[in-house]
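Novice: Structure file structure_38.txt, compact mmCIF, C-alpha atoms and all ligand atoms, is pasted below:
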# COMPACT_ATOMS: atom_id res chain seq x y z
CA MET A 1 166.64 -134.33 122.78
CA GLU A 2 165.13 -137.77 122.54
CA SER A 3 167.36 -140.79 122.89
CA LYS A 4 165.16 -143.61 121.65
CA THR A 5 162.46 -144.57 119.21
CA ILE A 6 159.11 -145.73 120.48
CA ARG A 7 157.59 -148.52 118.41
CA GLN A 8 156.15 -150.98 120.91
CA PRO A 9 154.95 -151.06 124.54
CA SER A 10 158.35 -152.18 125.86
CA ASP A 11 159.86 -148.95 124.45
CA LEU A 12 157.74 -146.87 126.83
CA ALA A 13 159.36 -145.45 129.97
CA VAL A 14 156.23 -146.30 131.90
CA ASN A 15 157.10 -149.95 131.15
CA GLY A 16 160.70 -149.59 132.32
CA ALA A 17 162.52 -148.17 129.27
CA PRO A 18 164.60 -144.98 129.73
CA PRO A 19 162.67 -141.74 129.19
CA ALA A 20 162.56 -140.27 125.68
CA PHE A 21 163.63 -136.82 126.83
CA LYS A 22 166.49 -136.00 129.14
CA GLU A 23 165.17 -132.49 129.72
CA ALA A 24 161.62 -131.88 130.86
CA LEU A 25 159.24 -130.90 128.08
CA HIS A 26 156.71 -128.57 129.69
CA VAL A 27 153.39 -127.24 128.55
CA GLY A 28 153.77 -123.52 129.01
CA ARG A 29 157.50 -123.20 128.53
CA PRO A 30 157.93 -119.46 128.04
CA ASN A 31 158.48 -117.96 124.60
CA VAL A 32 161.10 -115.25 124.93
CA GLY A 33 162.04 -112.80 122.18
CA ASP A 34 165.40 -111.14 121.56
CA ARG A 35 167.28 -110.98 124.88
CA SER A 36 169.37 -108.03 123.68
CA VAL A 37 166.17 -106.03 123.09
CA PHE A 38 165.08 -106.87 126.63
CA ALA A 39 168.51 -105.94 128.03
CA GLY A 40 168.37 -102.61 126.18
CA LEU A 41 164.97 -101.82 127.65
CA VAL A 42 166.13 -102.74 131.14
CA ASP A 43 169.11 -100.40 130.74
CA GLN A 44 166.67 -97.71 129.67
CA MET A 45 164.60 -98.41 132.78
CA PHE A 46 167.62 -97.96 135.08
CA ASP A 47 168.72 -94.83 133.22
CA GLN A 48 165.26 -93.36 133.69
CA ASN A 49 165.16 -94.24 137.38
CA TRP A 50 161.56 -95.33 137.05
CA LEU A 51 160.75 -98.87 138.14
CA THR A 52 156.98 -98.97 138.57
CA ASN A 53 153.73 -96.95 138.69
CA ASP A 54 152.64 -95.88 135.24
CA GLY A 55 156.21 -95.67 133.96
CA PRO A 56 157.31 -94.97 130.40
CA LEU A 57 157.74 -98.64 129.46
CA VAL A 58 154.28 -99.52 130.79
CA ARG A 59 152.81 -96.64 128.79
CA GLN A 60 154.63 -97.81 125.68
CA PHE A 61 153.46 -101.38 126.25
CA GLU A 62 149.87 -100.20 126.70
CA SER A 63 149.86 -98.19 123.51
CA ARG A 64 151.47 -101.04 121.52
CA VAL A 65 148.91 -103.54 122.83
CA ALA A 66 145.98 -101.18 122.14
CA GLU A 67 147.28 -100.54 118.64
CA TYR A 68 147.90 -104.25 117.93
CA VAL A 69 144.45 -105.27 119.11
CA GLY A 70 142.67 -102.26 117.65
CA VAL A 71 141.05 -100.97 120.87
CA LYS A 72 141.01 -97.47 122.30
CA HIS A 73 142.37 -98.31 125.74
CA CYS A 74 144.73 -100.80 127.31
CA VAL A 75 145.33 -100.53 131.05
CA ALA A 76 148.18 -102.85 132.03
CA MET A 77 148.07 -104.65 135.38
CA ASN A 78 150.34 -106.85 137.48
CA ASN A 79 148.51 -110.02 136.43
CA GLY A 80 145.37 -111.24 134.72
CA THR A 81 143.60 -112.16 137.96
CA ILE A 82 143.84 -108.66 139.41
CA ALA A 83 142.78 -107.28 136.03
CA LEU A 84 139.68 -109.50 136.18
CA GLU A 85 138.92 -108.39 139.73
CA ILE A 86 139.25 -104.73 138.86
CA ALA A 87 137.14 -105.09 135.71
CA ILE A 88 134.43 -106.99 137.61
CA ARG A 89 134.29 -104.29 140.29
CA ALA A 90 134.43 -101.39 137.85
CA LEU A 91 131.56 -102.87 135.86
CA GLY A 92 129.48 -103.02 139.04
CA MET A 93 128.96 -106.76 138.91
CA GLN A 94 127.34 -108.11 142.07
CA GLY A 95 125.01 -110.88 143.25
CA GLU A 96 125.45 -113.63 140.67
CA VAL A 97 127.64 -113.71 137.58
CA ILE A 98 127.46 -116.49 135.02
CA VAL A 99 130.79 -118.10 134.10
CA PRO A 100 131.96 -121.38 132.66
CA SER A 101 133.29 -123.93 135.14
CA TYR A 102 135.62 -125.23 132.45
CA THR A 103 138.26 -122.51 132.83
CA PHE A 104 141.29 -121.71 134.94
CA ILE A 105 140.26 -121.26 138.57
CA ALA A 106 141.14 -117.53 138.49
CA THR A 107 137.97 -116.73 136.51
CA ALA A 108 135.78 -118.04 139.34
CA HIS A 109 138.01 -116.83 142.17
CA ALA A 110 137.99 -113.26 140.83
CA LEU A 111 134.24 -113.24 141.55
CA HIS A 112 134.19 -115.17 144.83
CA TRP A 113 137.03 -113.00 146.17
CA GLN A 114 134.67 -110.02 145.90
CA GLY A 115 131.64 -111.69 147.48
CA ILE A 116 130.00 -112.41 144.12
CA THR A 117 128.52 -115.84 143.40
CA PRO A 118 129.96 -117.49 140.31
CA VAL A 119 127.09 -119.37 138.67
CA PHE A 120 128.55 -122.08 136.48
CA ALA A 121 126.98 -122.61 133.07
CA ASP A 122 127.80 -125.55 130.84
CA ILE A 123 129.96 -125.46 127.73
CA ASP A 124 129.48 -126.56 124.16
CA PRO A 125 131.43 -129.84 124.00
CA LEU A 126 132.79 -129.00 120.55
CA THR A 127 134.07 -125.48 121.21
CA HIS A 128 134.79 -125.84 124.97
CA THR A 129 133.35 -122.33 125.43
CA LEU A 130 130.06 -121.26 127.03
CA ASP A 131 126.87 -122.71 125.58
CA ALA A 132 124.57 -119.70 125.09
CA ASP A 133 121.44 -121.75 125.84
CA ALA A 134 122.97 -122.97 129.08
CA VAL A 135 123.73 -119.35 130.00
CA ARG A 136 120.08 -118.42 129.47
CA ARG A 137 119.01 -121.24 131.80
CA MET A 138 121.18 -119.89 134.63
CA ILE A 139 119.81 -116.32 134.64
CA THR A 140 117.97 -115.31 137.83
CA PRO A 141 116.82 -111.95 139.22
CA ARG A 142 120.21 -111.73 141.01
CA THR A 143 122.27 -112.09 137.83
CA SER A 144 124.30 -108.97 137.09
CA GLY A 145 126.72 -110.15 134.46
CA ILE A 146 128.32 -112.80 132.28
CA ILE A 147 132.00 -113.59 131.91
CA GLY A 148 132.73 -115.45 128.69
CA VAL A 149 136.11 -117.14 128.38
CA HIS A 150 137.88 -117.44 125.02
CA LEU A 151 139.30 -120.77 126.04
CA TRP A 152 142.41 -122.01 124.21
CA GLY A 153 142.30 -118.70 122.30
CA ARG A 154 139.12 -119.74 120.51
CA PRO A 155 136.37 -117.11 120.78
CA ALA A 156 133.44 -117.56 123.13
CA PRO A 157 130.04 -117.15 121.38
CA VAL A 158 130.39 -113.38 121.40
CA ARG A 159 127.34 -112.56 119.29
CA GLU A 160 124.97 -114.76 121.29
CA LEU A 161 126.31 -113.61 124.66
CA THR A 162 126.05 -109.96 123.60
CA LYS A 163 122.41 -110.57 122.65
CA ILE A 164 121.65 -112.21 126.01
CA ALA A 165 123.43 -109.44 127.92
CA ASP A 166 121.52 -106.76 125.99
CA GLU A 167 118.17 -108.48 126.49
CA HIS A 168 118.66 -108.81 130.26
CA GLY A 169 120.63 -105.63 130.96
CA LEU A 170 123.70 -107.60 132.05
CA LYS A 171 127.34 -106.58 132.04
CA LEU A 172 129.47 -108.60 129.65
CA LEU A 173 133.13 -109.20 130.30
CA PHE A 174 135.45 -111.53 128.43
CA ASP A 175 138.30 -113.40 130.01
CA ALA A 176 140.70 -113.25 127.06
CA ALA A 177 143.68 -114.63 129.01
CA HIS A 178 144.37 -117.13 126.18
CA ALA A 179 143.31 -115.04 123.25
CA PHE A 180 145.86 -112.34 122.54
CA GLY A 181 146.30 -112.21 118.76
CA ALA A 182 143.18 -114.27 117.97
CA SER A 183 140.32 -112.90 115.91
CA LEU A 184 136.60 -113.36 115.45
CA GLY A 185 135.07 -112.33 112.13
CA GLY A 186 138.42 -110.76 111.29
CA GLN A 187 138.33 -108.51 114.38
CA LEU A 188 140.96 -109.14 117.00
CA ILE A 189 139.74 -110.26 120.41
CA GLY A 190 139.91 -107.31 122.81
CA GLY A 191 137.11 -105.06 121.62
CA PHE A 192 134.12 -107.24 122.50
CA GLY A 193 131.71 -106.86 125.44
CA HIS A 194 132.12 -104.01 127.90
CA ALA A 195 135.76 -104.98 128.37
CA GLU A 196 138.16 -107.88 127.90
CA VAL A 197 141.03 -109.07 130.07
CA PHE A 198 144.36 -110.45 128.88
CA SER A 199 146.94 -112.39 130.87
CA PHE A 200 150.64 -111.95 130.15
CA HIS A 201 151.78 -114.71 132.53
CA ALA A 202 155.05 -116.45 131.63
CA THR A 203 153.17 -119.37 130.11
CA LYS A 204 150.97 -117.21 127.92
CA PHE A 205 151.30 -116.51 124.21
CA LEU A 206 152.49 -112.98 125.00
CA ASN A 207 154.47 -113.10 128.21
CA ALA A 208 155.60 -110.28 130.50
CA PHE A 209 156.88 -112.58 133.30
CA GLU A 210 153.60 -111.77 135.09
CA GLY A 211 151.07 -109.32 133.77
CA GLY A 212 147.60 -108.62 132.57
CA ALA A 213 145.51 -105.87 131.04
CA ILE A 214 141.99 -104.58 130.73
CA VAL A 215 141.21 -103.52 127.19
CA THR A 216 138.10 -101.58 126.28
CA ASN A 217 136.66 -98.96 123.94
CA ASP A 218 134.81 -97.32 126.84
CA ASP A 219 136.59 -94.08 127.84
CA ALA A 220 134.95 -93.76 131.26
CA LEU A 221 135.61 -97.40 132.15
CA ALA A 222 139.26 -97.08 131.12
CA ALA A 223 139.71 -93.99 133.28
CA GLN A 224 138.05 -95.73 136.22
CA VAL A 225 140.17 -98.89 136.06
CA ARG A 226 143.30 -96.78 135.69
CA LEU A 227 142.44 -95.13 139.00
CA MET A 228 141.55 -98.44 140.65
CA ARG A 229 144.88 -99.94 139.59
CA ASN A 230 146.71 -97.36 141.73
CA PHE A 231 144.69 -97.18 144.97
CA GLY A 232 142.38 -94.55 143.45
CA PHE A 233 145.10 -91.88 143.34
CA ALA A 234 144.36 -89.02 140.96
CA GLY A 235 147.60 -87.21 141.76
CA PHE A 236 149.84 -86.77 144.76
CA ASP A 237 147.88 -87.21 148.00
CA ARG A 238 144.53 -87.13 146.21
CA VAL A 239 142.48 -90.33 146.39
CA ILE A 240 139.16 -90.11 144.56
CA HIS A 241 138.14 -93.75 144.18
CA PRO A 242 138.47 -97.08 145.97
CA GLY A 243 141.38 -99.00 144.57
CA THR A 244 144.03 -101.63 144.99
CA ASN A 245 147.58 -102.27 143.84
CA GLY A 246 147.30 -103.58 140.31
CA LYS A 247 150.31 -101.82 138.86
CA MET A 248 152.52 -103.43 136.25
CA VAL A 249 156.23 -102.91 136.93
CA GLU A 250 158.59 -101.56 134.28
CA VAL A 251 160.66 -104.72 133.96
CA CYS A 252 157.50 -106.64 133.06
CA ALA A 253 156.59 -104.05 130.45
CA ALA A 254 160.14 -104.42 129.05
CA MET A 255 159.54 -108.17 128.74
CA GLY A 256 156.12 -107.58 127.18
CA LEU A 257 157.54 -105.16 124.63
CA THR A 258 160.38 -107.56 123.79
CA ASN A 259 157.97 -110.41 123.22
CA LEU A 260 155.44 -108.32 121.33
CA ALA A 261 158.20 -107.57 118.82
CA ALA A 262 158.76 -111.32 118.39
CA ILE A 263 155.16 -112.36 118.18
CA ASP A 264 155.17 -113.46 114.54
CA THR A 265 157.98 -115.93 115.24
CA VAL A 266 155.95 -117.45 118.06
CA ILE A 267 152.84 -117.73 115.89
CA ASP A 268 154.87 -119.41 113.13
CA ALA A 269 156.37 -121.94 115.55
CA ASN A 270 153.02 -122.62 117.22
CA ARG A 271 151.24 -123.01 113.87
CA ALA A 272 153.88 -125.43 112.56
CA ASN A 273 153.64 -127.45 115.78
CA TYR A 274 149.84 -127.50 115.65
CA ARG A 275 149.93 -128.80 112.08
CA ALA A 276 152.55 -131.43 112.97
CA TYR A 277 150.39 -132.69 115.86
CA ARG A 278 147.26 -132.59 113.72
CA GLU A 279 148.84 -134.56 110.92
CA GLY A 280 150.51 -137.03 113.26
CA LEU A 281 147.37 -137.74 115.27
CA ALA A 282 144.92 -137.62 112.36
CA ASP A 283 144.72 -141.40 111.97
CA VAL A 284 144.94 -142.27 115.67
CA GLY A 285 141.41 -143.43 116.46
CA GLY A 286 139.82 -142.00 119.60
CA ILE A 287 141.99 -138.86 119.70
CA ARG A 288 140.51 -135.57 118.52
CA LEU A 289 142.71 -132.51 118.38
CA ILE A 290 140.73 -129.30 118.78
CA ASP A 291 140.74 -127.23 115.60
CA TYR A 292 141.65 -123.63 115.10
CA ASP A 293 139.62 -121.86 112.41
CA GLU A 294 142.38 -121.05 109.97
CA ASP A 295 140.21 -118.37 108.30
CA GLU A 296 140.72 -116.38 111.50
CA LEU A 297 143.89 -115.17 113.22
CA ASN A 298 145.06 -117.62 115.88
CA ASN A 299 147.95 -117.81 118.31
CA PHE A 300 147.86 -121.66 118.34
CA GLN A 301 149.17 -121.50 121.92
CA TYR A 302 147.38 -124.63 123.14
CA ILE A 303 147.54 -128.10 121.65
CA VAL A 304 144.46 -129.75 123.10
CA ALA A 305 143.70 -133.42 122.52
CA GLU A 306 140.46 -135.04 123.55
CA VAL A 307 140.47 -138.73 124.33
CA ASP A 308 137.20 -140.51 123.63
CA ASP A 309 135.90 -143.98 124.42
CA ALA A 310 137.30 -145.40 121.18
CA PHE A 311 140.84 -145.00 122.56
CA PRO A 312 141.90 -148.16 124.41
CA VAL A 313 143.24 -146.37 127.52
CA SER A 314 142.04 -143.39 129.56
CA ARG A 315 143.33 -139.83 129.45
CA ASP A 316 145.01 -140.39 132.80
CA VAL A 317 146.93 -143.41 131.51
CA ILE A 318 148.13 -141.32 128.55
CA VAL A 319 149.27 -138.54 130.89
CA GLU A 320 151.09 -141.05 133.10
CA ALA A 321 152.89 -142.52 130.07
CA LEU A 322 153.88 -139.05 128.82
CA TRP A 323 155.17 -137.95 132.23
CA ALA A 324 157.34 -141.06 132.36
CA GLU A 325 158.95 -139.82 129.10
CA ASN A 326 159.51 -136.38 130.74
CA VAL A 327 156.69 -134.88 128.69
CA PHE A 328 154.69 -132.95 131.25
CA ALA A 329 151.33 -132.92 129.50
CA ARG A 330 148.59 -131.18 131.50
CA LYS A 331 144.99 -132.03 132.32
CA TYR A 332 143.79 -128.40 132.00
CA PHE A 333 141.16 -127.53 133.28
CA TRP A 334 140.35 -130.70 135.16
CA PRO A 335 138.33 -131.22 137.29
CA GLY A 336 136.40 -127.99 136.50
CA CYS A 337 136.05 -125.08 138.93
CA HIS A 338 132.83 -126.47 140.44
CA ARG A 339 134.71 -129.55 141.64
CA MET A 340 137.42 -127.42 143.32
CA GLN A 341 137.24 -125.57 146.63
CA PRO A 342 135.42 -123.58 147.82
CA TYR A 343 132.85 -124.21 145.06
CA ARG A 344 132.72 -127.95 145.62
CA ASP A 345 131.39 -127.41 149.17
CA LEU A 346 129.37 -124.29 148.39
CA TYR A 347 127.54 -125.74 145.38
CA PRO A 348 127.71 -129.54 145.75
CA HIS A 349 125.04 -130.11 143.10
CA ALA A 350 126.45 -127.76 140.44
CA GLY A 351 127.65 -130.74 138.39
CA LEU A 352 124.05 -131.72 137.61
CA MET A 353 123.89 -128.75 135.25
CA LEU A 354 127.39 -129.33 133.84
CA PRO A 355 127.47 -132.66 132.01
CA ASN A 356 129.55 -131.38 129.08
CA THR A 357 132.00 -129.66 131.40
CA GLU A 358 132.59 -132.86 133.36
CA ARG A 359 132.91 -135.01 130.25
CA VAL A 360 135.36 -132.66 128.55
CA ALA A 361 137.41 -132.04 131.72
CA ASP A 362 137.86 -135.78 132.14
CA ARG A 363 139.07 -136.28 128.56
CA VAL A 364 141.40 -133.42 127.72
CA VAL A 365 145.17 -133.55 127.61
CA VAL A 366 147.20 -130.46 126.68
CA LEU A 367 150.50 -131.10 124.90
CA PRO A 368 153.73 -129.08 124.76
CA THR A 369 154.28 -126.51 122.07
CA GLY A 370 156.06 -123.18 121.61
CA THR A 371 159.33 -122.01 120.15
CA SER A 372 161.41 -124.57 122.04
CA VAL A 373 159.43 -127.55 120.74
CA THR A 374 160.47 -129.00 117.37
CA PRO A 375 158.68 -131.33 114.93
CA ASP A 376 161.11 -134.12 115.96
CA MET A 377 160.01 -133.82 119.57
CA ILE A 378 156.38 -133.84 118.49
CA ALA A 379 156.96 -137.03 116.49
CA VAL A 380 158.11 -138.75 119.70
CA VAL A 381 155.03 -137.56 121.60
CA ILE A 382 152.85 -138.87 118.78
CA ASP A 383 154.63 -142.24 118.92
CA VAL A 384 153.57 -142.56 122.55
CA PHE A 385 149.95 -142.10 121.47
CA ARG A 386 150.38 -144.61 118.64
CA VAL A 387 151.84 -147.29 120.88
CA LEU A 388 149.14 -146.73 123.52
CA ALA A 389 146.57 -146.96 120.71
CA GLY A 390 147.97 -150.41 120.00
CA GLY A 391 149.43 -149.85 116.57
N1 LIG B 401 141.88 -116.74 133.10
C1 LIG B 401 142.34 -117.80 132.43
C2 LIG B 401 141.45 -118.49 131.46
C3 LIG B 401 143.65 -118.25 132.64
O1 LIG B 401 144.11 -119.34 131.98
C4 LIG B 401 144.47 -117.56 133.57
C5 LIG B 401 145.82 -118.03 133.83
C6 LIG B 401 143.94 -116.43 134.22
C7 LIG B 401 142.63 -116.04 133.96
C8 LIG B 401 144.72 -115.65 135.23
O2 LIG B 401 145.80 -114.95 134.67
P1 LIG B 401 147.11 -114.68 135.56
O3 LIG B 401 146.65 -114.07 136.86
O4 LIG B 401 147.86 -115.97 135.74
O5 LIG B 401 147.86 -113.68 134.72
C9 LIG B 401 149.23 -121.61 134.74
C10 LIG B 401 149.44 -120.13 134.96
O6 LIG B 401 149.94 -119.84 136.24
C11 LIG B 401 148.25 -119.30 134.71
O7 LIG B 401 148.71 -118.02 134.40
C12 LIG B 401 147.45 -119.79 133.53
N2 LIG B 401 146.21 -119.13 133.38
C13 LIG B 401 147.19 -121.28 133.62
C14 LIG B 401 146.48 -121.80 132.41
O8 LIG B 401 148.41 -121.95 133.69
P2 LIG B 401 149.71 -123.50 136.42
O9 LIG B 401 149.26 -123.76 137.79
O10 LIG B 401 149.70 -124.59 135.45
O11 LIG B 401 151.11 -122.68 136.45
P3 LIG B 401 152.60 -123.01 136.45
O12 LIG B 401 153.27 -121.79 136.92
O13 LIG B 401 152.80 -124.29 137.11
O14 LIG B 401 153.06 -123.15 134.90
C15 LIG B 401 152.58 -124.15 134.03
C16 LIG B 401 153.69 -124.93 133.37
O15 LIG B 401 154.53 -124.06 132.65
C17 LIG B 401 154.55 -125.68 134.35
O16 LIG B 401 154.20 -127.02 134.29
C18 LIG B 401 155.96 -125.46 133.88
C19 LIG B 401 155.89 -124.42 132.80
N3 LIG B 401 156.64 -123.22 133.13
C20 LIG B 401 156.08 -122.31 133.99
C21 LIG B 401 156.76 -121.17 134.33
C22 LIG B 401 156.15 -120.18 135.27
C23 LIG B 401 157.90 -123.03 132.61
O17 LIG B 401 158.39 -123.90 131.84
N4 LIG B 401 158.57 -121.90 132.91
C24 LIG B 401 158.07 -120.94 133.75
O18 LIG B 401 158.69 -119.91 133.97
O19 LIG B 401 148.85 -122.28 135.89
Do you think you could lay out the structure here as structure tokens?
Specialist:
Amino acid sequence: MESKTIRQPSDLAVNGAPPAFKEALHVGRPNVGDRSVFAGLVDQMFDQNWLTNDGPLVRQFESRVAEYVGVKHCVAMNNGTIALEIAIRALGMQGEVIVPSYTFIATAHALHWQGITPVFADIDPLTHTLDADAVRRMITPRTSGIIGVHLWGRPAPVRELTKIADEHGLKLLFDAAHAFGASLGGQLIGGFGHAEVFSFHATKFLNAFEGGAIVTNDDALAAQVRLMRNFGFAGFDRVIHPGTNGKMVEVCAAMGLTNLAAIDTVIDANRANYRAYREGLADVGGIRLIDYDEDELNNFQYIVAEVDDAFPVSRDVIVEALWAENVFARKYFWPGCHRMQPYRDLYPHAGLMLPNTERVADRVVVLPTGTSVTPDMIAVVIDVFRVLAGG
């Protein structure tokens, strides 16, 4: 743990003092449930001699996820990116699809990879999710769909986007990579739009080492993506649809099942950490922690601080000071997809329509949380902010 108290600038590692933490404190350190449960499931896997391709653990994981979220179908995949690609293709998206630029690059790449143009719409600076009016402005005759992202596990404007999609006959997909266990209007994320996509990457709230899923209430769509996940095979030697290899392996399903059983512990730890950060940073001028609506269900997986002009130093100076303490805070999702390749070269003027995206991306710092982070550790991180704030 920490080996010093931070009260003044000379206490900071960036100014030559020893770092506060001996061990690296990462954003995205995996939350892992009961290892003996996992070991038991792995034994079961070996006993069954079934390692991948629609195995019994994957089926169990799918039915548990569908039940938890309250959707008819969950089709598990090897990661969230492939799940996005398969959903995009199954929905028949083509031409242009409207997405936020303020998201992980996979959302945009899943379109570009399939020859579809991601058209970046701006975000609401308060929610960090798509601004419905900005979406309307980006619609052209080539638009075939919208992908809303529930960034940080906070819902995209589902009602407004559904209205726009209905009015214009567009497909509506949600990238719910961050939003497992979060609700909107009391309904868990997963059942909105034509389909939603989860990620179960190691750093995610529910982790399966690597993994993803398409969830939907549409029977035909579920059947189609199930085929597409396995090269289009409908039985031995019978291919009836184009497809790829999107299969989740059994060991990942074992991890997913283990962690699903421990999910309440993770929520409790994340919630306690969120409240500790919120309290600790409440009176630090120029720092705004994004809120979770506590009337809804939340996974509290991301602690997101926004640094405004009232703070005496920039976001990058804060990140540098934290890294020196071995606190590997992240600048997610800087600089925004439109300022990354290939989009930067393809659409050099996209930023003109994305002022909120650019402002937010330049100001956000994401802080460590999860079951391995304690209130004492958080207090040290907060002290770094306090000293940088000058008091
Ligand atoms: N849509 C959205 C909105 C997403 O955020 C993502 C993924 C996707 C789609 C695509 O889903 P997947 O295809 O990934 O299932 C990470 C993750 O790789 C990525 O899954 C995630 N979003 C994104 C937000 O974060 P990086 O480049 O920061 O990854 P990485 O592996 O460096 O991990 C982040 C930090 O976590 C590291 O600084 C260290 C720590 N870590 C990581 C791993 C893997 C650990 O402490 N232990 C570990 O085992 O993107």
Novice: Which chains and residue numbers are within 6 Å of ligand LIG 401 (chain B), counting all atoms listed in the file, if I want them as a list of chain:residue names?
Specialist: A:His26, A:Val27, A:Gly28, A:Arg29, A:Pro30, A:Asn79, A:Gly80, A:Thr81, A:Thr103, A:Phe104, A:Ala106, A:Thr107, A:Asp175, A:Ala177, A:Ser199, A:Phe200, A:His201, A:Ala202, A:Thr203, A:Gly211, A:Gly212
Novice: Would you kindly identify which residues have an atom no farther than 10 Å from (160.8, -138.3, 128.6), using all atoms listed in the file and the file's own coordinates, and write them out as a tab-separated table (two decimals) with C-alpha atoms, in the frame of the given file?
Specialist:
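Output file out14.tsv is given in full below:
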chain	number	residue	atom	x	y	z
A	1	MET	CA	166.64	-134.33	122.78
A	2	GLU	CA	165.13	-137.77	122.54
A	3	SER	CA	167.36	-140.79	122.89
A	4	LYS	CA	165.16	-143.61	121.65
A	12	LEU	CA	157.74	-146.87	126.83
A	13	ALA	CA	159.36	-145.45	129.97
A	14	VAL	CA	156.23	-146.30	131.90
A	18	PRO	CA	164.60	-144.98	129.73
A	19	PRO	CA	162.67	-141.74	129.19
A	20	ALA	CA	162.56	-140.27	125.68
A	21	PHE	CA	163.63	-136.82	126.83
A	22	LYS	CA	166.49	-136.00	129.14
A	23	GLU	CA	165.17	-132.49	129.72
A	24	ALA	CA	161.62	-131.88	130.86
A	25	LEU	CA	159.24	-130.90	128.08
A	321	ALA	CA	152.89	-142.52	130.07
A	322	LEU	CA	153.88	-139.05	128.82
A	323	TRP	CA	155.17	-137.95	132.23
A	324	ALA	CA	157.34	-141.06	132.36
A	325	GLU	CA	158.95	-139.82	129.10
A	326	ASN	CA	159.51	-136.38	130.74
A	327	VAL	CA	156.69	-134.88	128.69
A	328	PHE	CA	154.69	-132.95	131.25
A	380	VAL	CA	158.11	-138.75	119.70
A	381	VAL	CA	155.03	-137.56	121.60
Novice: Just give me the gap between atom CA of Ala254 of chain A and atom CA of Pro242 of chain A in Å, one decimal is fine.
Specialist: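 One can read the atom CA of Ala254 of chain A to atom CA of Pro242 of chain A distance as 28.5 Å.
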Novice: Do you know which residues are at most 7 Å from segment 219-233 of chain A counting only C-alpha atoms, after dropping those on the same chain fewer than 3 positions away, and could you put them as an MDAnalysis selection string?
Specialist: chainID A and resid 73 75 86:87 90 216 238:247
Novice: Find the residues near Met138 of chain A: any atom within 12 Å, counting only C-alpha atoms, skip ones fewer than 2 places away on the same chain, and give them as a list in words.
Specialist: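 Result of the neighbour search: Glu96, Val97, Ile98, Val99, Pro100, Pro118, Val119, Phe120, Ala121, Asp122, Leu130, Asp131, Ala132, Asp133, Ala134, Val135, Arg136, Thr140, Pro141, Arg142, Thr143, Ser144, Gly145, Ile146, Ile164, Ala350, Met353 and Leu354 of chain A.
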Novice: Nearest to Val307 of chain A: which of A:Pro368, A:Arg344, A:Asp362, A:His194 is it, counting only C-alpha atoms?
Specialist: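 Closest to Val307 of chain A, using only C-alpha atoms: A:Asp362.
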Novice: Find the residue from A:Phe236, A:Trp152, A:Tyr332, A:Phe174 that sits nearest to Ile214 of chain A; use only C-alpha atoms when measuring.
Specialist: A:Phe174
Novice: Would you please work out which residue, of A:Glu67, A:Leu346, A:Arg278, A:Leu170, is nearest to Gly95 of chain A when using all atoms listed in the file?
Specialist: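 With all atoms listed in the file as the atom set, the closest residue is A:Leu170.
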Novice: What's the 8 Å shell around Ala176 of chain A, counting all atoms listed in the file, without same-chain residues fewer than 6 positions away, as a ChimeraX atom specification?
Specialist: /A:149-151,153,189-190,196-199
Novice: Using all atoms listed in the file, pick whichever of A:Asp383, A:Glu358, A:Glu296, A:Glu62 has the shortest atom-to-atom distance to Gln8 of chain A.
Specialist: A:Asp383
Novice: Go through A:Pro157, A:Tyr102, A:Arg64, A:Asp124 one by one, measure the shortest atom-to-atom distance of each to Pro335 of chain A using only C-alpha atoms, and give the residue with the smallest value.
Specialist: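 Result for the nearest residue to Pro335 of chain A: A:Tyr102.
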Novice: Extract, using all atoms listed in the file, all DNA, RNA and protein residues at most 9 Å from Thr374 of chain A, discarding same-chain residues fewer than 4 positions from it, and format them as a VMD selection string.
Specialist: chain A and resid 269 272 to 273 369 to 370 378 to 379
Novice: For segment 181-235 of chain A versus segment 32-46 of chain A, which residues have an atom no more than 12 Å away, and what is each residue's nearest atom pair and distance in Å rounded to one decimal, using only C-alpha atoms, chain-then-number order, as CSV?
Specialist:
residue,atom,partner,partner_atom,distance
A:Ala202,CA,A:Val32,CA,9.1
A:Thr203,CA,A:Val32,CA,10.3
A:Lys204,CA,A:Val32,CA,10.7
A:Phe205,CA,A:Val32,CA,9.9
A:Leu206,CA,A:Val32,CA,8.9
A:Asn207,CA,A:Val32,CA,7.7
A:Ala208,CA,A:Val32,CA,9.3
A:Phe209,CA,A:Val32,CA,9.7
Novice: Just to confirm, what's the straight-line distance from atom CA of Gly336 of chain A to atom CA of Tyr302 of chain A in Å (one decimal)?
Specialist: 17.6 Å
Novice: Which residue, A:Gly256, A:Ile287, A:Gly148, A:Ser183, has the smallest gap to Gln60 of chain A when you use all atoms listed in the file?
Specialist: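 Closest to Gln60 of chain A of all the choices is A:Gly256.
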Novice: Using Å and a single decimal, report how far atom CA of Met248 of chain A sits from atom CA of Asn78 of chain A.
Specialist: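 Atom CA of Asn78 of chain A sits 4.2 Å away from atom CA of Met248 of chain A.
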Novice: Counting all atoms listed in the file, find residues at most 10 Å from (151.4, -141.6, 118.5) (file frame) and give them as a list of chain:residue names.
Specialist: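 These residues have at least one counted atom within 10 Å: A:Ile6, A:Arg7, A:Tyr277, A:Gly280, A:Leu281, A:Ala282, A:Asp283, A:Val284, A:Ile287, A:Ile378, A:Ala379, A:Val380, A:Val381, A:Ile382, A:Asp383, A:Val384, A:Phe385, A:Arg386, A:Val387, A:Leu388, A:Ala389, A:Gly390, A:Gly391.
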